[in-house]
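Student: This is model13.cif, which holds mmCIF, C-alpha atoms:
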data_final
loop_
_atom_site.group_PDB
_atom_site.id
_atom_site.type_symbol
_atom_site.label_atom_id
_atom_site.label_comp_id
_atom_site.auth_asym_id
_atom_site.auth_seq_id
_atom_site.Cartn_x
_atom_site.Cartn_y
_atom_site.Cartn_z
ATOM 1 C CA MET A 707 0.000 0.000 0.000
ATOM 2 C CA SER A 708 1.449 3.349 -1.012
ATOM 3 C CA SER A 709 1.953 6.105 1.563
ATOM 4 C CA VAL A 710 -0.583 8.338 -0.207
ATOM 5 C CA LYS A 711 -3.223 5.645 0.072
ATOM 6 C CA ARG A 712 -2.293 4.996 3.691
ATOM 7 C CA ILE A 713 -2.653 8.708 4.511
ATOM 8 C CA TYR A 714 -5.951 8.864 2.604
ATOM 9 C CA LEU A 715 -7.375 5.915 4.552
ATOM 10 C CA ALA A 716 -6.045 7.329 7.824
ATOM 11 C CA VAL A 717 -7.747 10.670 7.147
ATOM 12 C CA ALA A 718 -11.001 8.925 6.225
ATOM 13 C CA GLY A 719 -10.877 6.688 9.284
ATOM 14 C CA GLY A 720 -9.965 9.653 11.462
ATOM 15 C CA LEU A 721 -12.938 11.648 10.177
ATOM 16 C CA VAL A 722 -15.303 8.737 10.889
ATOM 17 C CA ALA A 723 -13.885 8.279 14.397
ATOM 18 C CA THR A 724 -13.945 12.019 15.145
ATOM 19 C CA GLY A 725 -17.474 12.272 13.817
ATOM 20 C CA LEU A 726 -18.750 9.417 15.944
ATOM 21 C CA VAL A 727 -17.082 10.853 19.049
ATOM 22 C CA LEU A 728 -18.517 14.347 18.397
ATOM 23 C CA ALA A 729 -21.990 12.929 17.763
ATOM 24 C CA ALA A 730 -21.745 10.909 20.989
ATOM 25 C CA ILE A 731 -20.640 14.021 22.948
ATOM 26 C CA GLY A 732 -23.551 15.992 21.475
ATOM 27 C CA PHE A 733 -25.940 13.207 22.429
ATOM 28 C CA VAL A 734 -24.592 13.133 25.995
ATOM 29 C CA ALA A 735 -24.621 16.953 26.230
ATOM 30 C CA SER A 736 -28.282 16.985 25.253
ATOM 31 C CA GLY A 737 -29.093 14.732 28.207
ATOM 32 C CA PHE A 738 -29.341 11.577 26.072
ATOM 33 C CA ASN A 739 -32.090 13.129 23.985
ATOM 34 C CA LEU A 740 -32.348 11.355 20.644
ATOM 35 C CA ALA A 741 -34.030 14.434 19.144
ATOM 36 C CA VAL A 742 -30.620 16.144 19.049
ATOM 37 C CA LEU A 743 -29.753 13.881 16.120
ATOM 38 C CA ASN A 744 -32.821 14.924 14.141
ATOM 39 C CA THR A 745 -33.398 17.775 11.752
ATOM 40 C CA GLN A 746 -36.963 18.225 10.592
ATOM 41 C CA ILE A 747 -37.955 20.617 7.831
ATOM 42 C CA ASP A 748 -41.621 20.361 6.892
ATOM 43 C CA LEU A 749 -42.446 22.642 3.998
ATOM 44 C CA ARG A 750 -46.190 21.962 4.216
ATOM 45 C CA ASP A 751 -46.671 23.873 7.455
ATOM 46 C CA ASP A 752 -43.251 25.610 7.633
ATOM 47 C CA THR A 753 -42.198 23.611 10.697
ATOM 48 C CA ILE A 754 -38.441 23.639 11.193
ATOM 49 C CA ILE A 755 -37.010 21.720 14.138
ATOM 50 C CA LEU A 756 -33.262 21.516 14.675
ATOM 51 C CA GLY A 757 -32.219 19.041 17.373
ATOM 52 C CA GLY A 758 -35.562 19.337 19.156
ATOM 53 C CA VAL A 759 -35.664 23.166 19.020
ATOM 54 C CA GLU A 760 -38.343 24.704 16.828
ATOM 55 C CA ILE A 761 -37.242 27.613 14.656
ATOM 56 C CA ASP A 762 -39.822 30.295 13.920
ATOM 57 C CA ASP A 763 -37.823 32.324 11.430
ATOM 58 C CA PRO A 764 -35.243 30.496 9.277
ATOM 59 C CA THR A 765 -33.838 33.756 7.889
ATOM 60 C CA GLY A 766 -30.053 33.735 8.016
ATOM 61 C CA LEU A 767 -29.717 29.982 8.498
ATOM 62 C CA PRO A 768 -27.615 28.502 5.674
ATOM 63 C CA LEU A 769 -29.377 25.856 3.580
ATOM 64 C CA ILE A 770 -32.514 25.875 5.758
ATOM 65 C CA GLU A 771 -33.415 29.351 4.548
ATOM 66 C CA GLN A 772 -33.058 28.206 0.935
ATOM 67 C CA LEU A 773 -35.046 25.021 1.619
ATOM 68 C CA ALA A 774 -37.828 27.032 3.257
ATOM 69 C CA GLU A 775 -38.098 29.191 0.139
ATOM 70 C CA VAL A 776 -38.598 26.098 -2.014
ATOM 71 C CA GLY A 777 -42.010 25.749 -0.383
ATOM 72 C CA GLU A 778 -43.216 28.909 -2.115
ATOM 73 C CA ILE A 779 -43.737 28.484 -5.819
ATOM 74 C CA HIS A 780 -45.071 31.542 -7.609
ATOM 75 C CA ILE A 781 -46.989 31.031 -10.818
ATOM 76 C CA GLY A 782 -47.895 34.168 -12.733
ATOM 77 C CA SER A 783 -46.314 37.312 -14.126
ATOM 78 C CA ALA A 784 -43.709 39.052 -12.016
ATOM 79 C CA THR A 785 -45.426 42.427 -12.504
ATOM 80 C CA THR A 786 -48.739 41.343 -10.941
ATOM 81 C CA GLY A 787 -47.052 39.475 -8.104
ATOM 82 C CA SER A 788 -49.813 36.883 -8.238
ATOM 83 C CA SER A 789 -49.165 33.666 -6.336
ATOM 84 C CA SER A 790 -52.267 31.866 -7.505
ATOM 85 C CA PRO A 791 -52.137 29.332 -10.336
ATOM 86 C CA ARG A 792 -53.105 30.769 -13.721
ATOM 87 C CA LYS A 793 -56.207 29.085 -15.145
ATOM 88 C CA MET B 1040 8.246 -31.608 -52.325
ATOM 89 C CA THR B 1041 10.293 -28.406 -52.387
ATOM 90 C CA ARG B 1042 9.735 -25.490 -50.109
ATOM 91 C CA ASP B 1043 8.239 -23.360 -52.880
ATOM 92 C CA GLU B 1044 5.865 -26.138 -53.935
ATOM 93 C CA PHE B 1045 4.748 -26.580 -50.321
ATOM 94 C CA LEU B 1046 4.154 -22.868 -49.856
ATOM 95 C CA ASN B 1047 2.363 -22.472 -53.193
ATOM 96 C CA ARG B 1048 0.075 -25.432 -52.420
ATOM 97 C CA LEU B 1049 -0.579 -24.042 -48.967
ATOM 98 C CA GLY B 1050 -1.463 -20.686 -50.545
ATOM 99 C CA GLU B 1051 -3.933 -22.397 -52.891
ATOM 100 C CA LEU B 1052 -5.591 -24.302 -50.035
ATOM 101 C CA LEU B 1053 -5.873 -21.127 -47.968
ATOM 102 C CA ALA B 1054 -7.181 -18.977 -50.833
ATOM 103 C CA CYS B 1055 -10.430 -18.704 -48.892
ATOM 104 C CA LEU B 1056 -8.640 -16.497 -46.346
ATOM 105 C CA PRO B 1057 -7.703 -12.824 -46.752
ATOM 106 C CA ALA B 1058 -4.493 -12.342 -48.769
ATOM 107 C CA ASP B 1059 -2.500 -10.849 -45.885
ATOM 108 C CA GLN B 1060 -3.399 -13.778 -43.647
ATOM 109 C CA VAL B 1061 -2.307 -16.246 -46.339
ATOM 110 C CA LYS B 1062 0.963 -14.359 -46.764
ATOM 111 C CA GLU B 1063 1.526 -14.330 -43.007
ATOM 112 C CA THR B 1064 0.965 -18.093 -42.798
ATOM 113 C CA GLN B 1065 3.259 -18.746 -45.758
ATOM 114 C CA GLU B 1066 5.982 -16.584 -44.217
ATOM 115 C CA PHE B 1067 5.652 -18.451 -40.932
ATOM 116 C CA TYR B 1068 6.084 -21.849 -42.582
ATOM 117 C CA ALA B 1069 8.886 -20.569 -44.821
ATOM 118 C CA GLU B 1070 10.724 -19.498 -41.682
ATOM 119 C CA ALA B 1071 9.972 -22.799 -39.927
ATOM 120 C CA ILE B 1072 11.381 -24.730 -42.919
ATOM 121 C CA ALA B 1073 14.447 -22.459 -43.028
ATOM 122 C CA ASP B 1074 15.048 -23.060 -39.307
ATOM 123 C CA ARG B 1075 14.992 -26.822 -39.808
ATOM 124 C CA MET B 1076 17.323 -26.569 -42.787
ATOM 125 C CA GLU B 1077 19.714 -24.534 -40.626
ATOM 126 C CA ASP B 1078 19.575 -27.374 -38.089
ATOM 127 C CA GLY B 1079 20.901 -29.740 -40.752
ATOM 128 C CA MET B 1080 17.792 -31.144 -42.439
ATOM 129 C CA THR B 1081 17.571 -31.312 -46.197
ATOM 130 C CA GLU B 1082 14.875 -29.212 -47.871
ATOM 131 C CA ALA B 1083 12.696 -32.278 -48.487
ATOM 132 C CA GLU B 1084 13.040 -33.420 -44.861
ATOM 133 C CA ALA B 1085 12.255 -29.960 -43.547
ATOM 134 C CA VAL B 1086 9.164 -29.690 -45.745
ATOM 135 C CA ALA B 1087 8.076 -33.206 -44.770
ATOM 136 C CA ALA B 1088 8.430 -32.263 -41.101
ATOM 137 C CA MET B 1089 5.760 -29.588 -41.573
ATOM 138 C CA GLY B 1090 3.170 -32.171 -42.618
ATOM 139 C CA THR B 1091 1.211 -32.153 -45.837
ATOM 140 C CA PRO B 1092 -0.073 -28.803 -47.113
ATOM 141 C CA GLY B 1093 -3.605 -30.121 -46.574
ATOM 142 C CA GLU B 1094 -2.943 -30.884 -42.909
ATOM 143 C CA VAL B 1095 -1.302 -27.510 -42.378
ATOM 144 C CA ALA B 1096 -4.190 -25.710 -44.110
ATOM 145 C CA GLU B 1097 -6.733 -27.574 -41.938
ATOM 146 C CA ALA B 1098 -4.781 -26.744 -38.790
ATOM 147 C CA THR B 1099 -4.628 -23.093 -39.859
ATOM 148 C CA LEU B 1100 -8.374 -22.964 -40.434
ATOM 149 C CA ASP B 1101 -9.035 -24.730 -37.115
ATOM 150 C CA GLU B 1102 -7.197 -21.940 -35.343
ATOM 151 C CA LEU B 1103 -9.584 -19.305 -36.689
ATOM 152 C CA PRO B 1104 -12.451 -17.991 -34.533
ATOM 153 C CA ALA B 1105 -15.792 -19.744 -35.128
ATOM 154 C CA VAL B 1106 -17.398 -17.254 -37.526
ATOM 155 C CA PRO B 1107 -14.418 -16.592 -39.841
ATOM 156 C CA ARG B 1108 -13.719 -20.351 -39.825
ATOM 157 C CA ALA B 1109 -17.261 -21.157 -40.977
ATOM 158 C CA ILE B 1110 -17.042 -18.444 -43.649
ATOM 159 C CA ALA B 1111 -13.641 -19.671 -44.833
ATOM 160 C CA ARG B 1112 -14.730 -23.320 -45.037
ATOM 161 C CA THR B 1113 -17.880 -22.390 -46.953
ATOM 162 C CA LYS B 1114 -15.926 -20.072 -49.250
ATOM 163 C CA ARG B 1115 -13.440 -22.869 -49.919
ATOM 164 C CA LYS B 1116 -16.272 -25.026 -51.197
ATOM 165 C CA SER B 1117 -17.796 -22.281 -53.291
ATOM 166 C CA THR B 1118 -17.878 -18.508 -53.187
ATOM 167 C CA ALA B 1119 -21.319 -18.604 -54.806
ATOM 168 C CA LEU B 1120 -22.535 -20.905 -52.008
ATOM 169 C CA LEU B 1121 -21.224 -18.449 -49.425
ATOM 170 C CA TRP B 1122 -23.088 -15.558 -51.030
ATOM 171 C CA ALA B 1123 -26.221 -17.643 -51.461
ATOM 172 C CA LEU B 1124 -26.171 -18.660 -47.792
ATOM 173 C CA ALA B 1125 -25.441 -15.093 -46.714
ATOM 174 C CA ILE B 1126 -28.375 -13.722 -48.692
ATOM 175 C CA VAL B 1127 -30.883 -16.526 -48.057
ATOM 176 C CA GLY B 1128 -29.930 -16.781 -44.401
ATOM 177 C CA SER B 1129 -29.949 -13.033 -43.795
ATOM 178 C CA PRO B 1130 -33.430 -13.042 -42.175
ATOM 179 C CA VAL B 1131 -31.920 -15.354 -39.565
ATOM 180 C CA TRP B 1132 -28.341 -14.236 -39.092
ATOM 181 C CA ILE B 1133 -28.901 -10.484 -39.176
ATOM 182 C CA PRO B 1134 -31.430 -10.500 -36.268
ATOM 183 C CA LEU B 1135 -29.221 -12.978 -34.423
ATOM 184 C CA LEU B 1136 -26.199 -10.748 -34.917
ATOM 185 C CA LEU B 1137 -28.141 -7.688 -33.765
ATOM 186 C CA ALA B 1138 -29.401 -9.600 -30.710
ATOM 187 C CA PHE B 1139 -25.860 -10.710 -29.935
ATOM 188 C CA VAL B 1140 -24.588 -7.122 -30.179
ATOM 189 C CA ALA B 1141 -27.473 -5.887 -27.999
ATOM 190 C CA VAL B 1142 -26.845 -8.522 -25.310
ATOM 191 C CA ALA B 1143 -23.090 -7.899 -25.349
ATOM 192 C CA ALA B 1144 -23.651 -4.139 -25.014
ATOM 193 C CA ALA B 1145 -26.245 -4.644 -22.251
ATOM 194 C CA VAL B 1146 -23.887 -6.832 -20.217
ATOM 195 C CA TYR B 1147 -21.077 -4.300 -20.738
ATOM 196 C CA ILE B 1148 -23.309 -1.447 -19.545
ATOM 197 C CA CYS B 1149 -24.564 -3.482 -16.546
ATOM 198 C CA ILE B 1150 -20.970 -4.127 -15.480
ATOM 199 C CA TRP B 1151 -20.270 -0.376 -15.447
ATOM 200 C CA VAL B 1152 -23.582 0.433 -13.738
ATOM 201 C CA LEU B 1153 -22.276 -1.575 -10.771
ATOM 202 C CA ALA B 1154 -19.288 0.751 -10.517
ATOM 203 C CA LEU B 1155 -21.507 3.792 -10.999
ATOM 204 C CA CYS B 1156 -23.741 2.649 -8.101
ATOM 205 C CA VAL B 1157 -20.768 2.552 -5.724
ATOM 206 C CA TRP B 1158 -19.703 6.047 -6.852
ATOM 207 C CA ILE B 1159 -23.267 7.312 -6.319
ATOM 208 C CA VAL B 1160 -23.270 5.896 -2.779
ATOM 209 C CA ALA B 1161 -19.933 7.635 -2.124
ATOM 210 C CA ALA B 1162 -21.282 10.921 -3.515
ATOM 211 C CA ALA B 1163 -24.438 10.573 -1.405
ATOM 212 C CA PHE B 1164 -22.381 10.165 1.760
ATOM 213 C CA GLY B 1165 -20.278 13.172 0.740
ATOM 214 C CA GLY B 1166 -23.397 15.267 0.170
ATOM 215 C CA ALA B 1167 -24.879 14.149 3.477
ATOM 216 C CA GLY B 1168 -21.631 15.111 5.202
ATOM 217 C CA LEU B 1169 -21.676 18.630 3.742
ATOM 218 C CA VAL B 1170 -25.320 19.066 4.711
ATOM 219 C CA GLY B 1171 -24.455 17.891 8.231
ATOM 220 C CA LEU B 1172 -21.744 20.554 8.473
ATOM 221 C CA LEU B 1173 -24.172 23.229 7.217
ATOM 222 C CA PHE B 1174 -26.674 22.132 9.865
ATOM 223 C CA ALA B 1175 -23.876 22.494 12.416
ATOM 224 C CA VAL B 1176 -23.455 26.116 11.274
ATOM 225 C CA ASP B 1177 -27.218 26.571 11.732
ATOM 226 C CA GLY B 1178 -26.843 25.136 15.222
ATOM 227 C CA ILE B 1179 -24.129 27.708 15.999
ATOM 228 C CA ILE B 1180 -26.412 30.515 14.794
ATOM 229 C CA ILE B 1181 -29.305 29.386 16.987
ATOM 230 C CA GLY B 1182 -26.931 28.602 19.864
ATOM 231 C CA HIS B 1183 -27.833 24.921 20.263
ATOM 232 C CA VAL B 1184 -24.467 23.405 21.284
ATOM 233 C CA PRO B 1185 -25.471 19.699 21.499
ATOM 234 C CA TYR B 1186 -27.039 19.972 18.041
ATOM 235 C CA VAL B 1187 -23.847 21.606 16.719
ATOM 236 C CA LEU B 1188 -21.754 18.725 18.064
ATOM 237 C CA ALA B 1189 -24.155 16.062 16.811
ATOM 238 C CA SER B 1190 -24.488 17.620 13.354
ATOM 239 C CA MET B 1191 -20.776 18.240 13.024
ATOM 240 C CA GLY B 1192 -20.107 14.666 14.150
ATOM 241 C CA MET B 1193 -22.524 13.226 11.635
ATOM 242 C CA GLY B 1194 -21.075 15.494 8.960
ATOM 243 C CA PHE B 1195 -17.496 14.398 9.625
ATOM 244 C CA ALA B 1196 -18.516 10.747 9.877
ATOM 245 C CA SER B 1197 -20.421 10.938 6.595
ATOM 246 C CA ILE B 1198 -17.489 12.592 4.820
ATOM 247 C CA GLY B 1199 -15.170 9.925 6.234
ATOM 248 C CA VAL B 1200 -17.479 7.174 5.033
ATOM 249 C CA ALA B 1201 -17.655 8.936 1.639
ATOM 250 C CA LEU B 1202 -13.856 8.878 1.400
ATOM 251 C CA LEU B 1203 -13.740 5.200 2.355
ATOM 252 C CA THR B 1204 -16.539 4.366 -0.088
ATOM 253 C CA GLY B 1205 -14.726 6.423 -2.743
ATOM 254 C CA ALA B 1206 -11.593 4.342 -2.218
ATOM 255 C CA GLY B 1207 -13.710 1.205 -2.536
ATOM 256 C CA ALA B 1208 -15.375 2.606 -5.637
ATOM 257 C CA TRP B 1209 -11.980 3.334 -7.197
ATOM 258 C CA THR B 1210 -10.792 -0.208 -6.503
ATOM 259 C CA ALA B 1211 -14.086 -1.630 -7.776
ATOM 260 C CA SER B 1212 -13.836 0.511 -10.921
ATOM 261 C CA LYS B 1213 -10.356 -0.817 -11.651
ATOM 262 C CA GLN B 1214 -11.547 -4.402 -11.210
ATOM 263 C CA ILE B 1215 -14.631 -3.719 -13.306
ATOM 264 C CA ALA B 1216 -12.454 -2.185 -16.047
ATOM 265 C CA ARG B 1217 -10.482 -5.436 -16.092
ATOM 266 C CA LEU B 1218 -13.703 -7.463 -16.066
ATOM 267 C CA SER B 1219 -15.233 -5.410 -18.875
ATOM 268 C CA ALA B 1220 -12.076 -5.822 -20.971
ATOM 269 C CA LEU B 1221 -12.280 -9.583 -20.451
ATOM 270 C CA TRP B 1222 -15.950 -9.492 -21.367
ATOM 271 C CA ALA B 1223 -15.284 -7.453 -24.510
ATOM 272 C CA LYS B 1224 -12.585 -9.945 -25.537
ATOM 273 C CA LYS B 1225 -14.951 -12.849 -24.865
ATOM 274 C CA ALA B 1226 -17.781 -11.158 -26.761
ATOM 275 C CA VAL B 1227 -15.721 -10.677 -29.916
ATOM 276 C CA SER B 1228 -13.963 -14.044 -29.685
ATOM 277 C CA PRO B 1229 -16.333 -15.754 -32.185
ATOM 278 C CA PHE B 1230 -15.360 -13.115 -34.756
ATOM 279 C CA TRP B 1231 -11.848 -12.014 -33.978
ATOM 280 C CA LYS B 1232 -8.707 -13.299 -32.359
ATOM 281 C CA ASP B 1233 -6.092 -10.932 -31.002
ATOM 282 C CA GLN B 1234 -2.596 -10.723 -32.504
ATOM 283 C CA GLY B 1235 -1.037 -12.656 -29.602
ATOM 284 C CA ASN B 1236 -3.236 -15.657 -30.256
ATOM 285 C CA LYS B 1237 -2.912 -15.286 -33.992
ATOM 286 C CA SER B 1238 0.837 -15.551 -33.872
ATOM 287 C CA ARG B 1239 0.468 -18.868 -32.066
ATOM 288 C CA MET B 1240 -1.592 -20.178 -34.937
ATOM 289 C CA GLY B 1241 1.292 -21.437 -36.964
ATOM 290 C CA ALA B 1242 3.328 -22.380 -33.932
ATOM 291 C CA GLU B 1243 0.645 -24.808 -32.841
ATOM 292 C CA ALA B 1244 0.164 -26.148 -36.327
ATOM 293 C CA ALA B 1245 3.862 -26.635 -37.037
ATOM 294 C CA PRO B 1246 4.584 -29.499 -34.609
ATOM 295 C CA LEU B 1247 2.038 -31.668 -36.426
ATOM 296 C CA THR B 1248 4.699 -34.065 -37.553
ATOM 297 C CA ALA B 1249 7.758 -32.660 -35.831
#
Go ahead and render the structure in this file as structure tokens.
Tutor:
Amino acid sequence: MSSVKRIYLAVAGGLVATGLVLAAIGFVASGFNLAVLNTQIDLRDDTIILGGVEIDDPTGLPLIEQLAEVGEIHIGSATTGSSSPRK
Amino acid sequence: MTRDEFLNRLGELLACLPADQVKETQEFYAEAIADRMEDGMTEAEAVAAMGTPGEVAEATLDELPAVPRAIARTKRKSTALLWALAIVGSPVWIPLLLAFVAVAAAVYICIWVLALCVWIVAAAFGGAGLVGLLFAVDGIIIGHVPYVLASMGMGFASIGVALLTGAGAWTASKQIARLSALWAKKAVSPFWKDQGNKSRMGAEAAPLTA
């Protein structure tokens, strides 16, 4: 096995190990609450729950803000600003 | 029989083959006869050691892949017969050939889809890892420390698994490339023989009577 491959596998293994340890610490820090491992984004009723904490306004949160905007699909001309489907 | 007579007769018997292949076979046997003469045999003895031209021609044809062999044997009987069979049998052999090509291509694609699946799994883990890290940033913004740790942990773990899966995918791709090359060689074997095997053709035929 070449040294490059060995380093690559060591980095990968290290990331997995570090990740598992961090996740375990987070789980313990939350008081063994499994909800800390969950992220729930429900676009139907705009419910966003990060690790058991509900977020009212996702503005400024990377990715979640963009995902929340996906729930709003505007159909119509930009000038009228209509959000109702055109029939 | 002299060397020239042997080679001329061999050329006549192999007239059903492409000219360059006939020339190649004649050159091989000319060299084999010359080698034996250098070892002290007379010309007649060296030619006799090759076997009869008929035996050598049969051995040469036997070394051909199945399809060219069948074409050559039919052509040797009659070129008109070959054309007649090709035309009359076309409703059978053309669909069969197309089906063969389709199956060979499908198997080839399936082999590579296996490799693609492993790469997709690796990419999915990588994507999940990046999303996990973004969620960790969200956790920092909302001030939820356990969620930050958990998300960051899952992100790192997913990226690590992606790297490991990527290494596996690379190894699998190399093996699959080898497998697909073997498959391609197997698929064309009824029609074509590679140069390495072709050069053995005469070598295997030569010891007939040696």
Student: Starting from the point (-23.6, 1.1, -4.5), work out which residues of protein, DNA or RNA have an atom no more than 12 Å away when counting only C-alpha atoms; state them as a list in words.
Tutor: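 Taken together, the residues in range are Trp1151, Val1152, Leu1153, Ala1154, Leu1155, Cys1156, Val1157, Trp1158, Ile1159, Val1160, Ala1161, Ala1162, Ala1163, Phe1164, Ala1201, Thr1204, Gly1205, Gly1207, Ala1208, Ala1211 and Ser1212 of chain B.
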Student: Taking only C-alpha atoms into account, name the residue in A:Gly725, A:Gly766, A:Gly737, A:Gly720 that is nearest to chain B.
Tutor: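 Among A:Gly725, A:Gly766, A:Gly737, A:Gly720, it is A:Gly725 that comes nearest to chain B.
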Student: I need the contact residues of chain B against chain A, so if you could list those with any atom within 9 Å, counting only C-alpha atoms, and return them as a PyMOL selection string, that would help.
Tutor: chain B and resi 1170+1173-1174+1176-1178+1180-1181+1183-1203+1206
Student: Using Å and a single decimal, report how far CA of Ser1129 (chain B) sits from CA of Ile1148 (chain B).
Tutor: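 Distance between the two atoms: 27.7 Å.
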Student: In Å to one decimal, how far is CA of Gly1165 (chain B) from CA of Lys1213 (chain B)?
Tutor: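 Between CA of Lys1213 (chain B) and CA of Gly1165 (chain B) the gap is 21.2 Å.
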Student: What is the CA of Trp1231 (chain B) to CA of Val1106 (chain B) distance in Å?
Tutor: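 Taking CA of Trp1231 (chain B) and CA of Val1106 (chain B), their separation equals 8.4 Å.
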Student: Is there a way to get, as a PyMOL selection string, all residues within 12 Å of the point (-45.1, 28.4, 4.6) in file coordinates, counting only C-alpha atoms?
Tutor: chain A and resi 747-754+762-764+771+773-779
Student: Given the file shown, enumerate the residues that the PyMOL selection byres ((chain B and resi 1096) around 12) captures and present them as an MDAnalysis selection string.
Tutor: chainID B and resid 1045:1056 1060:1061 1064:1065 1068 1089:1095 1097:1103 1108 1111:1112 1115 1240:1241 1244:1245 1247
Student: Would you place a box with edges along x, y and z of the file around all atoms of region 763-778 of chain A listed there, add 6 Å to each of its six sides, and report the centre and edge lengths in Å to one decimal, as JSON?
Tutor:
{"center_x": -35.4, "center_y": 29.4, "center_z": 4.7, "size_x": 27.6, "size_y": 20.7, "size_z": 25.5}
Student: As an mmCIF file, keeping the file's coordinate frame, could you write out region 1095-1114 of chain B once it has been completed with N, CA and C atoms?
Tutor:
data_model
loop_
_atom_site.group_PDB
_atom_site.id
_atom_site.type_symbol
_atom_site.label_atom_id
_atom_site.label_comp_id
_atom_site.auth_asym_id
_atom_site.auth_seq_id
_atom_site.Cartn_x
_atom_site.Cartn_y
_atom_site.Cartn_z
ATOM 1 N N VAL B 1095 -1.662 -28.840 -42.884
ATOM 2 C CA VAL B 1095 -1.302 -27.510 -42.378
ATOM 3 C C VAL B 1095 -2.446 -26.526 -42.618
ATOM 4 N N ALA B 1096 -3.069 -26.610 -43.795
ATOM 5 C CA ALA B 1096 -4.190 -25.710 -44.110
ATOM 6 C C ALA B 1096 -5.353 -25.962 -43.151
ATOM 7 N N GLU B 1097 -5.643 -27.242 -42.873
ATOM 8 C CA GLU B 1097 -6.733 -27.574 -41.938
ATOM 9 C C GLU B 1097 -6.426 -27.038 -40.547
ATOM 10 N N ALA B 1098 -5.177 -27.233 -40.122
ATOM 11 C CA ALA B 1098 -4.781 -26.744 -38.790
ATOM 12 C C ALA B 1098 -4.900 -25.227 -38.725
ATOM 13 N N THR B 1099 -4.539 -24.563 -39.823
ATOM 14 C CA THR B 1099 -4.628 -23.093 -39.859
ATOM 15 C C THR B 1099 -6.082 -22.650 -39.758
ATOM 16 N N LEU B 1100 -6.945 -23.317 -40.484
ATOM 17 C CA LEU B 1100 -8.374 -22.964 -40.434
ATOM 18 C C LEU B 1100 -8.957 -23.260 -39.059
ATOM 19 N N ASP B 1101 -8.521 -24.376 -38.452
ATOM 20 C CA ASP B 1101 -9.035 -24.730 -37.115
ATOM 21 C C ASP B 1101 -8.691 -23.671 -36.076
ATOM 22 N N GLU B 1102 -7.608 -22.955 -36.302
ATOM 23 C CA GLU B 1102 -7.197 -21.940 -35.343
ATOM 24 C C GLU B 1102 -8.011 -20.654 -35.446
ATOM 25 N N LEU B 1103 -8.795 -20.529 -36.515
ATOM 26 C CA LEU B 1103 -9.584 -19.305 -36.689
ATOM 27 C C LEU B 1103 -10.743 -19.276 -35.699
ATOM 28 N N PRO B 1104 -11.230 -18.080 -35.350
ATOM 29 C CA PRO B 1104 -12.451 -17.991 -34.533
ATOM 30 C C PRO B 1104 -13.632 -18.607 -35.294
ATOM 31 N N ALA B 1105 -14.685 -18.950 -34.563
ATOM 32 C CA ALA B 1105 -15.792 -19.744 -35.128
ATOM 33 C C ALA B 1105 -16.390 -19.148 -36.402
ATOM 34 N N VAL B 1106 -16.697 -17.848 -36.381
ATOM 35 C CA VAL B 1106 -17.398 -17.254 -37.526
ATOM 36 C C VAL B 1106 -16.504 -17.173 -38.760
ATOM 37 N N PRO B 1107 -15.288 -16.599 -38.655
ATOM 38 C CA PRO B 1107 -14.418 -16.592 -39.841
ATOM 39 C C PRO B 1107 -14.097 -18.000 -40.341
ATOM 40 N N ARG B 1108 -14.014 -18.978 -39.409
ATOM 41 C CA ARG B 1108 -13.719 -20.351 -39.825
ATOM 42 C C ARG B 1108 -14.855 -20.896 -40.687
ATOM 43 N N ALA B 1109 -16.105 -20.670 -40.211
ATOM 44 C CA ALA B 1109 -17.261 -21.157 -40.977
ATOM 45 C C ALA B 1109 -17.319 -20.477 -42.350
ATOM 46 N N ILE B 1110 -17.023 -19.172 -42.368
ATOM 47 C CA ILE B 1110 -17.042 -18.444 -43.649
ATOM 48 C C ILE B 1110 -15.960 -18.991 -44.577
ATOM 49 N N ALA B 1111 -14.756 -19.199 -44.008
ATOM 50 C CA ALA B 1111 -13.641 -19.671 -44.833
ATOM 51 C C ALA B 1111 -13.920 -21.059 -45.393
ATOM 52 N N ARG B 1112 -14.462 -21.952 -44.563
ATOM 53 C CA ARG B 1112 -14.730 -23.320 -45.037
ATOM 54 C C ARG B 1112 -15.797 -23.310 -46.128
ATOM 55 N N THR B 1113 -16.828 -22.470 -45.929
ATOM 56 C CA THR B 1113 -17.880 -22.390 -46.953
ATOM 57 C C THR B 1113 -17.320 -21.781 -48.234
ATOM 58 N N LYS B 1114 -16.502 -20.741 -48.078
ATOM 59 C CA LYS B 1114 -15.926 -20.072 -49.250
ATOM 60 C C LYS B 1114 -15.010 -21.021 -50.016
#
